[in-house]
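Chemist: Dropping in start30.txt, which is compact mmCIF, C-alpha atoms:
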# COMPACT_ATOMS: atom_id res chain seq x y z
CA MET A 1 234.20 234.36 86.54
CA ASN A 2 234.14 230.59 86.27
CA ILE A 3 237.91 230.49 86.56
CA PHE A 4 237.84 232.48 89.80
CA LEU A 5 235.11 230.19 91.15
CA ILE A 6 237.14 227.10 90.28
CA ILE A 7 240.24 228.59 91.94
CA LEU A 8 238.22 229.43 95.06
CA ILE A 9 236.82 225.89 95.25
CA LEU A 10 240.25 224.32 94.78
CA THR A 11 241.80 226.61 97.39
CA SER A 12 239.06 225.81 99.89
CA ALA A 13 239.42 222.09 99.22
CA ALA A 14 243.19 222.29 99.69
CA GLY A 15 242.70 224.19 102.95
CA LEU A 16 240.19 221.63 104.17
CA VAL A 17 242.55 218.76 103.38
CA ALA A 18 245.41 220.57 105.14
CA THR A 19 243.22 221.12 108.21
CA THR A 20 242.35 217.44 108.46
CA ARG A 21 246.05 216.58 108.37
CA THR A 22 247.05 218.76 111.34
CA ARG A 23 248.22 217.17 114.60
CA ALA A 24 245.12 218.38 116.42
CA ALA A 25 242.75 216.93 113.81
CA GLN A 26 244.46 213.54 113.78
CA ILE A 27 244.58 213.29 117.58
CA ALA A 28 240.90 214.27 117.67
CA ARG A 29 240.11 211.32 115.39
CA MET A 30 242.16 209.00 117.61
CA ALA A 31 240.30 210.29 120.66
CA LYS A 32 236.95 209.53 119.00
CA THR A 33 238.14 206.04 118.07
CA ASN A 34 239.15 205.41 121.69
CA GLY A 35 235.88 206.78 123.09
CA CYS A 36 237.59 209.86 124.58
CA ARG A 37 236.52 213.49 124.74
CA PHE A 38 238.82 215.84 122.81
CA GLU A 39 239.66 219.45 123.74
CA ARG A 40 242.00 221.58 121.65
CA GLU A 41 243.30 223.51 124.69
CA LYS A 42 242.84 223.23 128.43
CA ASN A 43 244.16 225.24 131.40
CA SER A 44 244.64 222.18 133.62
CA ILE A 45 244.55 218.44 133.08
CA THR A 46 244.28 217.48 136.76
CA THR A 47 242.47 218.81 139.79
CA GLU A 48 244.18 221.71 141.58
CA GLN A 49 245.03 219.54 144.60
CA THR A 50 246.65 216.90 142.40
CA ALA A 51 248.70 219.49 140.53
CA GLY A 52 250.01 220.79 143.85
CA ARG A 53 251.11 217.34 145.03
CA LEU A 54 252.96 216.22 141.90
CA GLU A 55 256.37 217.87 141.53
CA PHE A 56 256.11 217.69 137.73
CA PHE A 57 253.31 220.27 137.71
CA THR A 58 254.86 222.58 140.30
CA LEU A 59 257.98 223.15 138.18
CA TYR A 60 257.82 225.69 135.33
CA PHE A 61 254.73 226.86 133.45
CA HIS A 62 252.59 224.31 131.57
CA GLN A 63 250.26 224.89 128.62
CA TYR A 64 248.10 221.93 127.55
CA GLN A 65 246.88 221.15 124.04
CA ASN A 66 245.17 218.23 122.29
CA VAL A 67 243.70 216.88 125.51
CA CYS A 68 242.00 213.47 125.34
CA THR A 69 239.90 212.51 128.38
CA CYS A 70 238.23 209.23 129.29
CA SER A 71 237.12 207.49 132.45
CA ASP A 72 236.46 204.03 133.85
CA ASP A 73 235.47 202.64 137.25
CA PHE A 74 239.05 202.97 138.51
CA ALA A 75 240.37 206.34 137.27
CA PHE A 76 240.05 209.50 135.20
CA ILE A 77 242.62 209.32 132.40
CA ARG A 78 244.01 212.07 130.18
CA VAL A 79 246.61 212.22 127.40
CA ALA A 80 247.78 215.66 126.29
CA ASP A 81 250.55 217.64 124.62
CA ASP A 82 252.29 219.77 127.24
CA ASN A 83 254.23 222.92 126.27
CA ILE A 84 256.59 223.61 129.19
CA TYR A 85 258.12 227.07 129.59
CA GLN A 86 261.17 227.10 131.85
CA ASP A 87 261.33 230.90 132.18
CA ASP A 88 259.27 234.00 131.35
CA ASN A 89 261.44 235.06 128.39
CA PRO A 90 259.08 235.26 125.36
CA LYS A 91 261.92 234.14 123.08
CA THR A 92 262.47 230.90 124.99
CA LYS A 93 261.08 227.92 123.11
CA PRO A 94 259.01 225.52 125.22
CA ILE A 95 259.90 221.91 125.91
CA LYS A 96 257.21 219.75 124.32
CA PHE A 97 256.13 216.53 126.01
CA THR A 98 253.18 214.22 125.47
CA ILE A 99 252.00 213.28 128.95
CA PHE A 100 249.63 210.73 130.47
CA THR A 101 247.83 211.40 133.73
CA ALA A 102 245.51 209.29 135.85
CA GLU A 103 243.58 210.17 139.00
CA LEU A 104 242.27 207.21 140.95
CA LYS A 105 238.68 207.45 142.15
CA LYS A 106 238.90 205.35 145.31
CA ARG A 107 242.49 204.28 146.00
CA GLN A 108 245.94 205.81 146.52
CA PHE A 109 249.47 205.23 145.26
CA PRO A 110 252.57 205.08 147.48
CA ALA A 111 254.66 208.18 146.71
CA LEU A 112 257.39 207.56 144.13
CA LYS A 113 259.27 209.60 141.53
CA ILE A 114 261.46 208.21 138.74
CA ALA A 115 263.22 210.52 136.28
CA PRO A 116 266.16 210.27 133.86
CA ILE A 117 269.35 211.63 135.41
CA ASP A 118 269.60 214.43 132.83
CA SER A 119 265.92 215.45 133.03
CA PRO A 120 265.12 219.01 134.19
CA PHE A 121 262.54 217.33 136.44
CA ALA A 122 265.05 214.97 138.12
CA PRO A 123 265.56 216.97 141.39
CA SER A 124 263.14 216.12 144.18
CA GLN A 125 262.33 216.91 147.80
CA TYR A 126 262.14 213.19 148.53
CA ALA A 127 264.98 210.93 149.65
CA LEU A 128 267.18 209.57 146.85
CA MET A 129 267.31 205.79 146.66
CA LYS A 130 269.51 203.30 144.83
CA THR A 131 268.37 200.01 143.34
CA ASN A 132 271.84 198.44 142.97
CA ILE A 133 270.80 197.44 139.43
CA PRO A 134 273.44 199.10 137.19
CA GLN A 135 271.15 199.40 134.14
CA ILE A 136 268.72 201.46 136.22
CA ASP A 137 271.01 203.43 138.55
CA SER A 138 273.12 204.61 135.60
CA ARG A 139 270.03 206.07 133.89
CA TYR A 140 267.59 207.18 136.57
CA ARG A 141 267.18 209.05 139.82
CA ILE A 142 264.58 207.35 142.02
CA HIS A 143 263.03 209.23 144.93
CA ALA A 144 260.61 207.98 147.58
CA PRO A 145 259.73 209.11 151.11
CA THR A 146 259.14 205.54 152.36
CA PRO A 147 260.20 202.00 151.39
CA ALA A 148 256.53 201.24 150.57
CA ALA A 149 257.20 202.62 147.07
CA ALA A 150 259.18 199.44 146.35
CA LEU A 151 255.91 197.51 146.26
CA VAL A 152 254.95 199.08 142.91
CA LEU A 153 258.32 198.27 141.34
CA THR A 154 257.09 195.04 139.79
CA PRO A 155 259.09 192.90 137.32
CA PHE A 156 257.24 194.63 134.46
CA ILE A 157 258.23 198.12 135.69
CA ILE A 158 261.82 197.02 136.36
CA GLY A 159 262.01 195.59 132.84
CA LEU A 160 260.88 198.93 131.37
CA LEU A 161 263.47 200.86 133.37
CA LYS A 162 266.24 198.45 132.37
CA THR A 163 265.49 198.67 128.66
CA ARG A 164 264.35 202.31 128.27
CA SER A 165 266.18 205.47 129.33
CA ASN A 166 263.46 208.07 128.70
CA ILE A 167 260.77 207.30 131.28
CA TYR A 168 259.40 209.85 133.75
CA MET A 169 256.98 208.47 136.30
CA GLU A 170 255.58 210.15 139.41
CA LEU A 171 253.01 208.80 141.85
CA ASN A 172 251.52 210.64 144.81
CA ASP A 173 248.25 210.22 146.68
CA ASN A 174 245.66 209.27 144.02
CA ALA A 175 247.57 210.62 140.99
CA LEU A 176 250.00 209.40 138.35
CA VAL A 177 251.84 211.37 135.67
CA TYR A 178 253.87 209.56 133.01
CA HIS A 179 255.80 210.72 129.96
CA GLU A 180 258.79 209.73 127.87
CA ASN A 181 260.57 213.10 127.75
CA ALA A 182 259.35 213.86 124.24
CA GLN A 183 256.34 214.87 122.23
CA MET A 184 255.11 211.67 120.63
CA PRO A 185 254.99 211.62 116.81
CA LEU A 186 251.50 210.90 115.52
CA SER A 187 252.68 207.48 114.39
CA GLU A 188 253.57 206.60 118.01
CA PHE A 189 250.76 208.41 119.83
CA GLN A 190 248.51 205.37 120.19
CA GLN A 191 251.39 203.12 121.27
CA PHE A 192 252.35 205.66 123.94
CA ARG A 193 248.79 205.73 125.25
CA PHE A 194 248.53 201.94 125.35
CA ARG A 195 251.92 201.65 127.09
CA ALA A 196 250.87 204.17 129.75
CA ILE A 197 247.55 202.39 130.32
CA GLN A 198 249.44 199.10 130.70
CA ILE A 199 251.59 200.72 133.39
CA LEU A 200 248.48 202.05 135.14
CA HIS A 201 246.89 198.59 135.09
CA GLU A 202 250.08 197.14 136.57
CA PHE A 203 249.80 199.59 139.47
CA GLU A 204 246.08 198.91 139.81
CA ASN A 205 246.74 195.20 140.36
CA VAL A 206 249.35 195.94 143.04
CA ILE A 207 247.10 198.45 144.85
CA ILE A 208 244.13 196.07 144.82
CA ARG A 209 246.30 193.32 146.30
CA LEU A 210 247.57 195.71 148.98
CA ASP A 211 244.03 196.77 149.88
CA GLU A 212 242.92 193.14 150.19
CA ALA A 213 245.92 192.09 152.28
CA ASN A 214 246.27 192.09 156.05
CA PRO A 215 248.55 195.03 156.99
CA THR A 216 250.85 192.65 158.86
CA THR A 217 251.54 190.72 155.66
CA THR A 218 251.82 193.64 153.25
CA ALA A 219 255.60 193.29 153.03
CA THR A 220 255.21 189.78 151.57
CA LEU A 221 253.23 190.94 148.56
CA THR A 222 256.24 191.15 146.28
CA PRO A 223 256.04 188.49 143.54
CA LYS A 224 257.37 185.01 144.24
CA THR A 225 260.72 184.16 142.70
CA GLN A 226 259.61 182.24 139.62
CA ASP A 227 262.02 183.68 137.06
CA ASP A 228 264.92 186.10 136.82
CA ALA A 229 262.74 189.20 136.43
CA GLU A 230 260.79 188.45 139.59
CA ALA A 231 264.01 187.74 141.49
CA GLN A 232 265.29 191.15 140.42
CA ALA A 233 262.04 192.74 141.59
CA GLU A 234 262.46 191.15 145.01
CA ALA A 235 266.04 192.40 145.14
CA MET A 236 264.79 195.86 144.23
CA VAL A 237 262.35 195.85 147.13
CA LYS A 238 265.12 194.96 149.57
CA ALA A 239 267.47 197.56 148.13
CA LEU A 240 264.90 200.34 148.35
CA CYS A 241 264.40 199.71 152.04
CA THR A 242 267.62 201.64 152.71
CA VAL A 243 267.68 205.38 152.05
CA GLN A 244 271.00 206.84 150.96
CA GLY A 245 272.84 208.69 153.70
CA HIS A 246 270.89 207.16 156.58
CA ALA A 247 272.83 205.60 159.42
CA SER A 248 272.89 201.83 159.72
CA PRO A 249 270.88 200.05 162.43
CA LYS A 250 274.16 199.08 164.12
CA ASN A 251 275.17 202.70 164.59
CA GLY A 252 271.66 203.52 165.75
CA GLY A 253 271.98 200.82 168.43
CA TRP A 254 275.26 202.30 169.73
CA ARG A 255 273.64 205.75 169.92
CA GLY A 256 270.80 204.27 171.96
CA LEU A 257 273.29 202.63 174.34
CA TRP A 258 275.16 205.92 174.87
CA ILE A 259 271.90 207.70 175.66
CA ILE A 260 271.11 205.09 178.33
CA VAL A 261 274.62 205.47 179.85
CA LEU A 262 274.31 209.27 179.96
CA LEU A 263 270.90 209.04 181.64
CA ALA A 264 272.33 206.63 184.23
CA VAL A 265 275.23 209.02 184.95
CA LEU A 266 272.87 211.98 185.36
CA LEU A 267 270.64 209.95 187.69
CA GLY A 268 273.67 208.92 189.72
CA ILE A 269 274.83 212.53 190.08
CA SER A 270 271.35 213.57 191.22
CA LEU A 271 271.24 210.83 193.88
CA LEU A 272 274.75 211.70 195.12
CA SER A 273 273.79 215.37 195.44
CA TRP A 274 270.69 214.45 197.44
CA VAL A 275 272.75 212.29 199.85
CA ILE A 276 275.31 215.08 200.36
CA LEU A 277 272.64 217.69 201.03
CA ASN A 278 270.80 215.51 203.56
CA ASN A 279 273.72 213.92 205.46
CA TRP A 280 276.88 216.01 205.24
CA ILE A 281 275.72 219.62 205.38
CA PRO A 282 275.13 220.72 209.03
CA ARG A 283 271.63 222.03 209.86
Rewrite the coordinates I just gave you, this time as structure tokens.
Modeler:
Amino acid sequence: MNIFLIILILTSAAGLVATTRTRAAQIARMAKTNGCRFEREKNSITTEQTAGRLEFFTLYFHQYQNVCTCSDDFAFIRVADDNIYQDDNPKTKPIKFTIFTAELKKRQFPALKIAPIDSPFAPSQYALMKTNIPQIDSRYRIHAPTPAAALVLTPFIIGLLKTRSNIYMELNDNALVYHENAQMPLSEFQQFRFRAIQILHEFENVIIRLDEANPTTTATLTPKTQDDAEAQAEAMVKALCTVQGHASPKNGGWRGLWIIVLLAVLLGISLLSWVILNNWIPR
């Protein structure tokens, strides 16, 4: 009887130790250390409106696990494991990403989407733009509906894109989603979170400066050229002002001139017809 009791105690102890070593248990401890709320599973990690605006959440089916939530005066922040199912075949294994999301409480981002060229999330409804920086254009597809997105491409962000090939970043309205196209190992989970928060703080600084600036001077808010990285950021802003496939201003000017000529011709024909009707046709 004692032997069975000892075996039962040892088995229970082994099970308890195994449970504390699971991914969920270790992330839960990290969440507590960081002052975050932990949830084993969650149906959504953003508001419904946010999920509808970000292309990342509108593609495929997402299942969220190990969700860590915290908040400050600026944003609601979540880090979670995302199981992404690309079809409804039960035998299809999900893609597993660790993702970071932030929803600003009072401010908005300019719309921007950056994805690795080979990512299943690379296609976008927005215009494709080129930076003319080979290290970035060879790795990423960058989409933005307006040149204003260039204002958040700071030297720090450009440096990340030049040195890393696995970044996915999407901004729209008050929301940000960021991941590195992989599920983070537990040994890198905290570093991933800190890196994402650093990116968010970089955007916060830009947005605050934009809000404080006079709208007529917004375009001058790119960093001053103090070193090579900042010079590259300024070049990036200029490059992103031209959308691929759009006609040049010169061609647009010629089209405007032709429209004026055609209007003048039509006006002349109308005047000539009026003269003929009133002077040459007998009454």
Chemist: I need the residue nearest Val79 in chain A from this list: A:Glu39, A:Asp173, A:Asp137, A:Glu204. Use all atoms listed in the file for the distance.
Modeler: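 When distances to Val79 in chain A are compared using all atoms listed in the file, the smallest one comes from A:Glu39.
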Chemist: Which residue is closest to Ala102 in chain A? Choose from A:His143, A:Asp72, A:Arg23, A:Phe189 and count all atoms listed in the file.
Modeler: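 Checking each candidate against Ala102 in chain A, we get A:Asp72 as the closest.
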Chemist: Please, which residues are within 12 Å of (260.5, 196.6, 132.1) by the file's coordinates, counting only C-alpha atoms, and could they come as a short mmCIF file (atom, residue, chain, number, x, y, z; two decimals) with C-alpha atoms, keeping the file's coordinate frame?
Modeler:
data_model
loop_
_atom_site.label_atom_id
_atom_site.label_comp_id
_atom_site.auth_asym_id
_atom_site.auth_seq_id
_atom_site.Cartn_x
_atom_site.Cartn_y
_atom_site.Cartn_z
CA GLN A 135 271.15 199.40 134.14
CA ILE A 136 268.72 201.46 136.22
CA LEU A 153 258.32 198.27 141.34
CA THR A 154 257.09 195.04 139.79
CA PRO A 155 259.09 192.90 137.32
CA PHE A 156 257.24 194.63 134.46
CA ILE A 157 258.23 198.12 135.69
CA ILE A 158 261.82 197.02 136.36
CA GLY A 159 262.01 195.59 132.84
CA LEU A 160 260.88 198.93 131.37
CA LEU A 161 263.47 200.86 133.37
CA LYS A 162 266.24 198.45 132.37
CA THR A 163 265.49 198.67 128.66
CA ARG A 164 264.35 202.31 128.27
CA SER A 165 266.18 205.47 129.33
CA ILE A 167 260.77 207.30 131.28
CA ARG A 195 251.92 201.65 127.09
CA GLN A 198 249.44 199.10 130.70
CA ILE A 199 251.59 200.72 133.39
CA GLU A 202 250.08 197.14 136.57
CA ALA A 229 262.74 189.20 136.43
CA GLU A 230 260.79 188.45 139.59
CA GLN A 232 265.29 191.15 140.42
CA ALA A 233 262.04 192.74 141.59
#
Chemist: Pick the closest to Phe61 in chain A from A:Arg209, A:Lys96, A:His201, A:Arg139: which is it, counting only C-alpha atoms?
Modeler: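 Nearest to Phe61 in chain A: A:Lys96.
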Chemist: Quick check, in Å to one decimal: how far apart do CA of Phe203 in chain A and CA of Leu151 in chain A lie?
Modeler: 9.4 Å
Chemist: Would you compute, for all listed atoms of range 139-153 of chain A, the axis-aligned bounding box grown by 4 Å on each side, and then report its centre and edge lengths in Å rounded to one decimal, as lines of an AutoDock Vina configuration file?
Modeler:
center_x = 262.5
center_y = 203.4
center_z = 143.1
size_x = 23.1
size_y = 19.7
size_z = 26.5
Chemist: Return the single residue from A:Ala196, A:Leu59, A:Ala80, A:Cys70 that is closest to Ile27 in chain A, with distances computed using all atoms listed in the file.
Modeler: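 Using all atoms listed in the file, the shortest distance to Ile27 in chain A belongs to A:Ala80.
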Chemist: Can range 185-196 of chain A be brought up to all heavy atoms and written out as an mmCIF file, in the coordinates of the input?
Modeler:
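Listing of rebuild17.cif after writing:
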data_model
loop_
_atom_site.group_PDB
_atom_site.id
_atom_site.type_symbol
_atom_site.label_atom_id
_atom_site.label_comp_id
_atom_site.auth_asym_id
_atom_site.auth_seq_id
_atom_site.Cartn_x
_atom_site.Cartn_y
_atom_site.Cartn_z
ATOM 1 N N PRO A 185 255.452 211.478 118.204
ATOM 2 C CA PRO A 185 254.990 211.620 116.810
ATOM 3 C C PRO A 185 253.618 210.972 116.667
ATOM 4 O O PRO A 185 253.267 210.057 117.411
ATOM 5 C CB PRO A 185 256.055 210.837 116.016
ATOM 6 C CG PRO A 185 257.236 210.723 116.926
ATOM 7 C CD PRO A 185 256.697 210.709 118.321
ATOM 8 N N LEU A 186 252.841 211.437 115.713
ATOM 9 C CA LEU A 186 251.500 210.900 115.520
ATOM 10 C C LEU A 186 251.532 209.387 115.300
ATOM 11 O O LEU A 186 250.622 208.666 115.728
ATOM 12 C CB LEU A 186 250.820 211.599 114.350
ATOM 13 C CG LEU A 186 250.426 213.057 114.609
ATOM 14 C CD1 LEU A 186 249.990 213.734 113.315
ATOM 15 C CD2 LEU A 186 249.333 213.146 115.657
ATOM 16 N N SER A 187 252.573 208.909 114.658
ATOM 17 C CA SER A 187 252.680 207.480 114.390
ATOM 18 C C SER A 187 252.889 206.652 115.658
ATOM 19 O O SER A 187 252.666 205.439 115.659
ATOM 20 C CB SER A 187 253.846 207.212 113.422
ATOM 21 O OG SER A 187 255.076 207.668 113.989
ATOM 22 N N GLU A 188 253.316 207.306 116.754
ATOM 23 C CA GLU A 188 253.570 206.600 118.010
ATOM 24 C C GLU A 188 252.605 206.990 119.120
ATOM 25 O O GLU A 188 252.719 206.502 120.245
ATOM 26 C CB GLU A 188 255.015 206.861 118.472
ATOM 27 C CG GLU A 188 256.075 206.396 117.486
ATOM 28 C CD GLU A 188 257.486 206.711 117.964
ATOM 29 O OE1 GLU A 188 257.665 206.886 119.189
ATOM 30 O OE2 GLU A 188 258.385 206.821 117.118
ATOM 31 N N PHE A 189 251.658 207.876 118.801
ATOM 32 C CA PHE A 189 250.760 208.410 119.830
ATOM 33 C C PHE A 189 249.927 207.307 120.472
ATOM 34 O O PHE A 189 249.808 207.234 121.700
ATOM 35 C CB PHE A 189 249.850 209.474 119.204
ATOM 36 C CG PHE A 189 249.084 210.291 120.197
ATOM 37 C CD1 PHE A 189 249.618 211.462 120.708
ATOM 38 C CD2 PHE A 189 247.819 209.904 120.627
ATOM 39 C CE1 PHE A 189 248.921 212.232 121.626
ATOM 40 C CE2 PHE A 189 247.109 210.655 121.540
ATOM 41 C CZ PHE A 189 247.664 211.828 122.043
ATOM 42 N N GLN A 190 249.343 206.449 119.658
ATOM 43 C CA GLN A 190 248.510 205.370 120.190
ATOM 44 C C GLN A 190 249.339 204.377 121.013
ATOM 45 O O GLN A 190 248.908 203.921 122.075
ATOM 46 C CB GLN A 190 247.803 204.633 119.053
ATOM 47 C CG GLN A 190 246.695 205.429 118.370
ATOM 48 C CD GLN A 190 245.411 205.445 119.174
ATOM 49 O OE1 GLN A 190 245.427 205.688 120.378
ATOM 50 N NE2 GLN A 190 244.292 205.207 118.498
ATOM 51 N N GLN A 191 250.530 204.054 120.530
ATOM 52 C CA GLN A 191 251.390 203.120 121.270
ATOM 53 C C GLN A 191 251.770 203.686 122.634
ATOM 54 O O GLN A 191 251.814 202.958 123.632
ATOM 55 C CB GLN A 191 252.660 202.791 120.464
ATOM 56 C CG GLN A 191 252.409 201.950 119.225
ATOM 57 C CD GLN A 191 252.209 202.803 117.988
ATOM 58 O OE1 GLN A 191 251.647 203.914 118.071
ATOM 59 N NE2 GLN A 191 252.643 202.307 116.842
ATOM 60 N N PHE A 192 252.039 205.006 122.667
ATOM 61 C CA PHE A 192 252.350 205.660 123.940
ATOM 62 C C PHE A 192 251.180 205.541 124.899
ATOM 63 O O PHE A 192 251.346 205.201 126.073
ATOM 64 C CB PHE A 192 252.691 207.133 123.686
ATOM 65 C CG PHE A 192 252.725 207.968 124.942
ATOM 66 C CD1 PHE A 192 253.846 207.958 125.768
ATOM 67 C CD2 PHE A 192 251.637 208.764 125.312
ATOM 68 C CE1 PHE A 192 253.876 208.726 126.933
ATOM 69 C CE2 PHE A 192 251.660 209.525 126.459
ATOM 70 C CZ PHE A 192 252.782 209.495 127.276
ATOM 71 N N ARG A 193 249.985 205.809 124.414
ATOM 72 C CA ARG A 193 248.790 205.730 125.250
ATOM 73 C C ARG A 193 248.591 204.305 125.785
ATOM 74 O O ARG A 193 248.325 204.108 126.976
ATOM 75 C CB ARG A 193 247.568 206.178 124.453
ATOM 76 C CG ARG A 193 246.251 206.086 125.216
ATOM 77 C CD ARG A 193 245.096 206.604 124.362
ATOM 78 N NE ARG A 193 243.825 206.436 125.061
ATOM 79 C CZ ARG A 193 243.100 205.331 125.009
ATOM 80 N NH1 ARG A 193 243.514 204.297 124.277
ATOM 81 N NH2 ARG A 193 241.956 205.245 125.677
ATOM 82 N N PHE A 194 248.724 203.323 124.920
ATOM 83 C CA PHE A 194 248.530 201.940 125.350
ATOM 84 C C PHE A 194 249.591 201.522 126.371
ATOM 85 O O PHE A 194 249.308 200.807 127.330
ATOM 86 C CB PHE A 194 248.580 201.001 124.137
ATOM 87 C CG PHE A 194 247.425 201.180 123.192
ATOM 88 C CD1 PHE A 194 247.589 200.979 121.826
ATOM 89 C CD2 PHE A 194 246.171 201.563 123.643
ATOM 90 C CE1 PHE A 194 246.529 201.146 120.948
ATOM 91 C CE2 PHE A 194 245.112 201.743 122.772
ATOM 92 C CZ PHE A 194 245.288 201.529 121.424
ATOM 93 N N ARG A 195 250.825 201.982 126.160
ATOM 94 C CA ARG A 195 251.920 201.650 127.090
ATOM 95 C C ARG A 195 251.630 202.262 128.468
ATOM 96 O O ARG A 195 251.816 201.609 129.506
ATOM 97 C CB ARG A 195 253.242 202.142 126.526
ATOM 98 C CG ARG A 195 254.462 201.659 127.267
ATOM 99 C CD ARG A 195 255.711 201.733 126.401
ATOM 100 N NE ARG A 195 255.911 203.021 125.780
ATOM 101 C CZ ARG A 195 255.870 203.217 124.453
ATOM 102 N NH1 ARG A 195 255.611 202.220 123.633
ATOM 103 N NH2 ARG A 195 256.083 204.428 123.950
ATOM 104 N N ALA A 196 251.180 203.499 128.481
ATOM 105 C CA ALA A 196 250.870 204.170 129.750
ATOM 106 C C ALA A 196 249.712 203.485 130.465
ATOM 107 O O ALA A 196 249.735 203.312 131.692
ATOM 108 C CB ALA A 196 250.553 205.638 129.494
#
